[in-house]
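K.L.:
mmCIF, C-alpha atoms, file upload.cif:
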```cif
data_start
loop_
_atom_site.label_atom_id
_atom_site.label_comp_id
_atom_site.auth_asym_id
_atom_site.auth_seq_id
_atom_site.Cartn_x
_atom_site.Cartn_y
_atom_site.Cartn_z
CA VAL A 20 -19.97 -41.59 60.17
CA GLU A 21 -19.25 -42.70 56.64
CA CYS A 22 -19.43 -40.60 53.49
CA HIS A 23 -18.28 -40.58 49.89
CA ILE A 24 -16.85 -37.71 47.89
CA GLU A 25 -18.24 -37.24 44.41
CA HIS A 26 -16.76 -34.65 42.10
CA ALA A 27 -19.16 -32.33 40.31
CA ALA A 28 -18.65 -29.19 38.27
CA LEU A 29 -20.65 -26.16 39.41
CA CYS A 30 -21.43 -25.40 35.78
CA ALA A 31 -23.29 -28.74 35.64
CA GLN A 32 -25.68 -27.30 38.26
CA PRO A 33 -25.59 -30.18 40.74
CA THR A 34 -28.16 -30.26 43.54
CA TYR A 35 -26.40 -29.96 46.89
CA LYS A 36 -26.49 -28.29 50.26
CA ALA A 37 -23.55 -26.46 51.81
CA LEU A 38 -22.58 -26.74 55.45
CA SER A 39 -21.83 -23.53 57.32
CA TYR A 40 -20.14 -24.32 60.62
CA CYS A 41 -17.32 -23.46 62.99
CA TRP A 42 -14.38 -25.84 62.72
CA GLY A 43 -13.76 -25.73 66.45
CA ASP A 44 -10.54 -26.79 68.16
CA ALA A 45 -8.22 -28.36 65.56
CA ASN A 46 -6.71 -30.53 68.31
CA GLU A 47 -10.08 -32.11 69.12
CA THR A 48 -10.57 -34.57 66.27
CA LYS A 49 -12.72 -37.58 65.51
CA GLU A 50 -12.38 -40.17 62.80
CA ILE A 51 -14.88 -40.60 60.01
CA ILE A 52 -14.74 -42.80 56.93
CA VAL A 53 -14.42 -40.98 53.60
CA ASN A 54 -14.38 -43.12 50.45
CA GLY A 55 -13.49 -46.13 52.60
CA CYS A 56 -10.53 -44.45 54.31
CA SER A 57 -10.25 -43.22 57.89
CA THR A 58 -10.06 -39.41 57.97
CA LYS A 59 -9.67 -37.07 60.93
CA VAL A 60 -12.03 -34.10 61.17
CA THR A 61 -12.75 -31.68 63.97
CA ALA A 62 -15.09 -32.94 66.67
CA ASN A 63 -17.59 -30.22 65.74
CA LEU A 64 -17.72 -31.34 62.10
CA GLU A 65 -18.13 -34.97 63.16
CA ALA A 66 -21.03 -33.95 65.41
CA ALA A 67 -22.66 -32.05 62.53
CA LEU A 68 -22.27 -35.02 60.19
CA ARG A 69 -23.65 -37.41 62.80
CA ARG A 70 -26.73 -35.21 63.29
CA LEU A 71 -27.22 -34.65 59.55
CA ARG A 72 -26.97 -38.38 58.91
CA VAL A 73 -30.11 -38.84 61.01
CA ARG A 74 -31.95 -35.83 59.56
CA GLU A 75 -30.96 -36.26 55.92
CA PRO A 76 -29.33 -39.67 55.38
CA ARG A 77 -28.86 -39.34 51.62
CA THR A 78 -27.96 -35.86 50.52
CA PHE A 79 -25.11 -34.20 48.69
CA LEU A 80 -23.20 -31.78 50.91
CA TRP A 81 -20.41 -29.35 50.20
CA ILE A 82 -18.17 -29.15 53.27
CA ASP A 83 -14.99 -27.09 53.08
CA ALA A 84 -12.88 -29.41 55.25
CA LEU A 85 -13.68 -32.37 52.98
CA CYS A 86 -14.15 -30.74 49.57
CA ILE A 87 -11.01 -28.58 49.64
CA ASN A 88 -7.54 -30.07 49.88
CA GLN A 89 -6.58 -28.36 53.13
CA ALA A 90 -2.92 -29.37 52.73
CA SER A 91 -2.57 -27.25 49.58
CA VAL A 92 -2.40 -23.48 50.04
CA LYS A 93 -2.85 -23.06 46.28
CA GLU A 94 -6.04 -25.16 46.34
CA ARG A 95 -7.41 -23.31 49.37
CA ASP A 96 -6.73 -19.92 47.76
CA ARG A 97 -8.40 -21.02 44.52
CA GLN A 98 -11.47 -22.33 46.37
CA VAL A 99 -11.83 -19.17 48.49
CA LEU A 100 -12.38 -17.28 45.23
CA ARG A 101 -15.24 -19.69 44.42
CA MET A 102 -17.06 -19.41 47.75
CA ARG A 103 -19.61 -16.95 46.37
CA ASP A 104 -20.60 -19.41 43.65
CA ILE A 105 -20.51 -22.41 45.97
CA TYR A 106 -22.83 -20.88 48.57
CA SER A 107 -25.15 -19.04 46.17
CA LYS A 108 -25.71 -22.12 43.99
CA ALA A 109 -26.42 -24.44 46.91
CA GLU A 110 -30.02 -25.59 47.25
CA SER A 111 -29.78 -24.49 50.88
CA ILE A 112 -27.24 -23.70 53.56
CA ILE A 113 -27.25 -25.79 56.70
CA ALA A 114 -26.04 -23.60 59.57
CA TRP A 115 -24.60 -25.93 62.21
CA ILE A 116 -24.49 -23.83 65.36
CA GLY A 117 -23.54 -26.75 67.58
CA GLU A 118 -25.17 -29.48 69.59
CA GLU A 119 -28.68 -28.92 70.87
CA ASP A 120 -29.15 -27.95 74.50
CA VAL A 121 -32.05 -26.75 76.66
CA SER A 122 -31.92 -23.22 75.23
CA THR A 123 -31.89 -24.24 71.57
CA ALA A 124 -35.59 -25.01 71.05
CA SER A 125 -36.68 -21.76 72.71
CA ALA A 126 -34.23 -19.67 70.69
CA ILE A 127 -35.09 -21.33 67.37
CA ALA A 128 -38.82 -20.84 68.01
CA PHE A 129 -38.17 -17.16 68.78
CA LEU A 130 -36.06 -16.70 65.62
CA ASP A 131 -38.79 -18.37 63.57
CA SER A 132 -41.43 -16.01 64.96
CA VAL A 133 -39.19 -12.99 64.21
CA ALA A 134 -38.65 -14.25 60.65
CA HIS A 135 -42.42 -14.47 60.16
CA GLY A 136 -43.03 -10.98 61.57
CA GLU A 137 -44.73 -12.26 64.70
CA GLU A 138 -42.17 -10.73 67.07
CA GLN A 139 -40.23 -7.50 67.15
CA VAL A 140 -36.48 -7.73 67.42
CA GLY A 141 -34.76 -6.21 70.40
CA TRP A 142 -32.00 -7.64 72.57
CA ASP A 143 -34.06 -6.92 75.69
CA MET A 144 -36.80 -9.22 74.35
CA TRP A 145 -34.47 -12.20 74.35
CA SER A 146 -34.42 -14.33 77.45
CA PRO A 147 -30.99 -15.31 78.82
CA CYS A 148 -31.67 -18.78 77.40
CA GLN A 149 -32.22 -17.36 73.93
CA GLN A 150 -29.25 -15.01 74.23
CA SER A 151 -26.97 -17.97 74.92
CA ILE A 152 -27.50 -19.32 71.40
CA LEU A 153 -26.04 -16.12 69.94
CA ARG A 154 -22.95 -16.46 72.11
CA ARG A 155 -21.93 -19.71 70.44
CA PRO A 156 -18.63 -19.78 68.52
CA TYR A 157 -20.47 -20.11 65.18
CA TRP A 158 -21.59 -16.47 65.27
CA ARG A 159 -18.00 -15.22 65.73
CA ARG A 160 -16.97 -16.35 62.25
CA THR A 161 -16.69 -13.59 59.64
CA TRP A 162 -17.39 -16.08 56.84
CA ILE A 163 -20.96 -16.68 57.98
CA VAL A 164 -21.99 -13.26 56.68
CA GLN A 165 -21.19 -14.33 53.12
CA GLU A 166 -22.43 -17.89 53.61
CA LEU A 167 -25.83 -16.88 54.97
CA CYS A 168 -26.38 -13.77 52.82
CA LEU A 169 -25.82 -15.75 49.62
CA ALA A 170 -28.16 -18.55 50.65
CA LYS A 171 -31.39 -19.32 48.82
CA ASP A 172 -32.56 -21.02 52.01
CA VAL A 173 -31.03 -21.46 55.47
CA GLN A 174 -31.66 -24.37 57.80
CA ILE A 175 -30.46 -24.16 61.40
#
```
Can you dump the structure from the file as structure tokens?
P.N.:
Amino acid sequence: VECHIEHAALCAQPTYKALSYCWGDANETKEIIVNGCSTKVTANLEAALRRLRVREPRTFLWIDALCINQASVKERDRQVLRMRDIYSKAESIIAWIGEEDVSTASAIAFLDSVAHGEEQVGWDMWSPCQQSILRRPYWRRTWIVQELCLAKDVQI
């Protein structure tokens, strides 16, 4: 996976998508190339980038692990205060819930039908296969509430 970081001011209203994801185990890392340099990221982020590269090869993404200097507490604190703007101004939020498995297609189809009012929501209506998607680590993150509620559009 190779990407380039381009700086843009939010006030300039750039067109971008923001990635909402679970970092995963910090000890499980993969290398990607950022601006020509090898950079370690969590295995889950690398998987998301690999999948997105196929789905949307040329798109501007805001990804916290790459767009915020994680080594600087001051920078992280400053950026946390901007999360509302970052996520609300994104063209869409890509919710990376993890790699696809046999239950994913069924669960996504069910969620889509609920979103379009074709199904009623009730835990008992979910098959064990569909329930497994909601047990993924992504849904345990508190930040997703803000990230998804502020979104103009969400892609899973």
K.L.:
Neighbouring residues of segment 61-78 of chain A were defined as those with any atom within 8 Å, considering all atoms listed in the file; residues of the same chain fewer than 5 positions away were excluded. Please report them as a CSV table (one decimal) with C-alpha atoms, keeping the file's coordinate frame.
P.N.:
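Ended up saving to result-v5.csv:
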```csv
chain,number,residue,atom,x,y,z
A,20,VAL,CA,-20.0,-41.6,60.2
A,35,TYR,CA,-26.4,-30.0,46.9
A,36,LYS,CA,-26.5,-28.3,50.3
A,40,TYR,CA,-20.1,-24.3,60.6
A,41,CYS,CA,-17.3,-23.5,63.0
A,42,TRP,CA,-14.4,-25.8,62.7
A,43,GLY,CA,-13.8,-25.7,66.4
A,44,ASP,CA,-10.5,-26.8,68.2
A,45,ALA,CA,-8.2,-28.4,65.6
A,46,ASN,CA,-6.7,-30.5,68.3
A,47,GLU,CA,-10.1,-32.1,69.1
A,48,THR,CA,-10.6,-34.6,66.3
A,49,LYS,CA,-12.7,-37.6,65.5
A,50,GLU,CA,-12.4,-40.2,62.8
A,51,ILE,CA,-14.9,-40.6,60.0
A,115,TRP,CA,-24.6,-25.9,62.2
A,117,GLY,CA,-23.5,-26.8,67.6
A,118,GLU,CA,-25.2,-29.5,69.6
```
K.L.:
Would you list the residues near (-29.1, -17.8, 69.1), meaning any protein, DNA or RNA residue with an atom at most 12 Å from that point in file coordinates, counting all atoms listed in the file, as an mmCIF file with C-alpha atoms, in the coordinates of the input?
P.N.:
```cif
data_model
loop_
_atom_site.group_PDB
_atom_site.id
_atom_site.type_symbol
_atom_site.label_atom_id
_atom_site.label_comp_id
_atom_site.auth_asym_id
_atom_site.auth_seq_id
_atom_site.Cartn_x
_atom_site.Cartn_y
_atom_site.Cartn_z
ATOM 1 C CA ALA A 114 -26.040 -23.600 59.570
ATOM 2 C CA TRP A 115 -24.600 -25.930 62.210
ATOM 3 C CA ILE A 116 -24.490 -23.830 65.360
ATOM 4 C CA GLY A 117 -23.540 -26.750 67.580
ATOM 5 C CA GLU A 119 -28.680 -28.920 70.870
ATOM 6 C CA ASP A 120 -29.150 -27.950 74.500
ATOM 7 C CA SER A 122 -31.920 -23.220 75.230
ATOM 8 C CA THR A 123 -31.890 -24.240 71.570
ATOM 9 C CA ALA A 124 -35.590 -25.010 71.050
ATOM 10 C CA SER A 125 -36.680 -21.760 72.710
ATOM 11 C CA ALA A 126 -34.230 -19.670 70.690
ATOM 12 C CA ILE A 127 -35.090 -21.330 67.370
ATOM 13 C CA ALA A 128 -38.820 -20.840 68.010
ATOM 14 C CA PHE A 129 -38.170 -17.160 68.780
ATOM 15 C CA LEU A 130 -36.060 -16.700 65.620
ATOM 16 C CA ASP A 131 -38.790 -18.370 63.570
ATOM 17 C CA TRP A 142 -32.000 -7.640 72.570
ATOM 18 C CA TRP A 145 -34.470 -12.200 74.350
ATOM 19 C CA SER A 146 -34.420 -14.330 77.450
ATOM 20 C CA PRO A 147 -30.990 -15.310 78.820
ATOM 21 C CA CYS A 148 -31.670 -18.780 77.400
ATOM 22 C CA GLN A 149 -32.220 -17.360 73.930
ATOM 23 C CA GLN A 150 -29.250 -15.010 74.230
ATOM 24 C CA SER A 151 -26.970 -17.970 74.920
ATOM 25 C CA ILE A 152 -27.500 -19.320 71.400
ATOM 26 C CA LEU A 153 -26.040 -16.120 69.940
ATOM 27 C CA ARG A 154 -22.950 -16.460 72.110
ATOM 28 C CA ARG A 155 -21.930 -19.710 70.440
ATOM 29 C CA PRO A 156 -18.630 -19.780 68.520
ATOM 30 C CA TYR A 157 -20.470 -20.110 65.180
ATOM 31 C CA TRP A 158 -21.590 -16.470 65.270
ATOM 32 C CA ARG A 159 -18.000 -15.220 65.730
ATOM 33 C CA ILE A 175 -30.460 -24.160 61.400
#
```
K.L.:
Please evaluate the PyMOL selection byres ((chain A and resi 23) around 9) against the structure above and give the resulting residues as a list in words.
P.N.:
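Selection result, ordered by chain and number: Glu21, Cys22, Ile24, Glu25, Ile52, Val53, Asn54 and Gly55 of chain A.
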K.L.:
At what distance in Å, to one decimal, does atom CA of Leu38 of chain A lie from atom CA of Ile113 of chain A?
P.N.:
4.9 Å
K.L.:
I need the residue set behind the PyMOL selection byres ((chain A and resi 82-86) around 8) for this file; please write it as a compact mmCIF listing (two decimals) with C-alpha atoms, keeping the file's coordinate frame.
P.N.:
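File produced: part_22.txt:
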```
# COMPACT_ATOMS: atom_id res chain seq x y z
CA ILE A 24 -16.85 -37.71 47.89
CA ALA A 37 -23.55 -26.46 51.81
CA LEU A 38 -22.58 -26.74 55.45
CA SER A 39 -21.83 -23.53 57.32
CA VAL A 60 -12.03 -34.10 61.17
CA LEU A 80 -23.20 -31.78 50.91
CA TRP A 81 -20.41 -29.35 50.20
CA ILE A 87 -11.01 -28.58 49.64
CA ASN A 88 -7.54 -30.07 49.88
CA GLN A 89 -6.58 -28.36 53.13
```
K.L.:
If I take atom CA of Ser107 of chain A and atom CA of Ala170 of chain A, how far is one from the other in Å, to one decimal?
P.N.:
5.4 Å
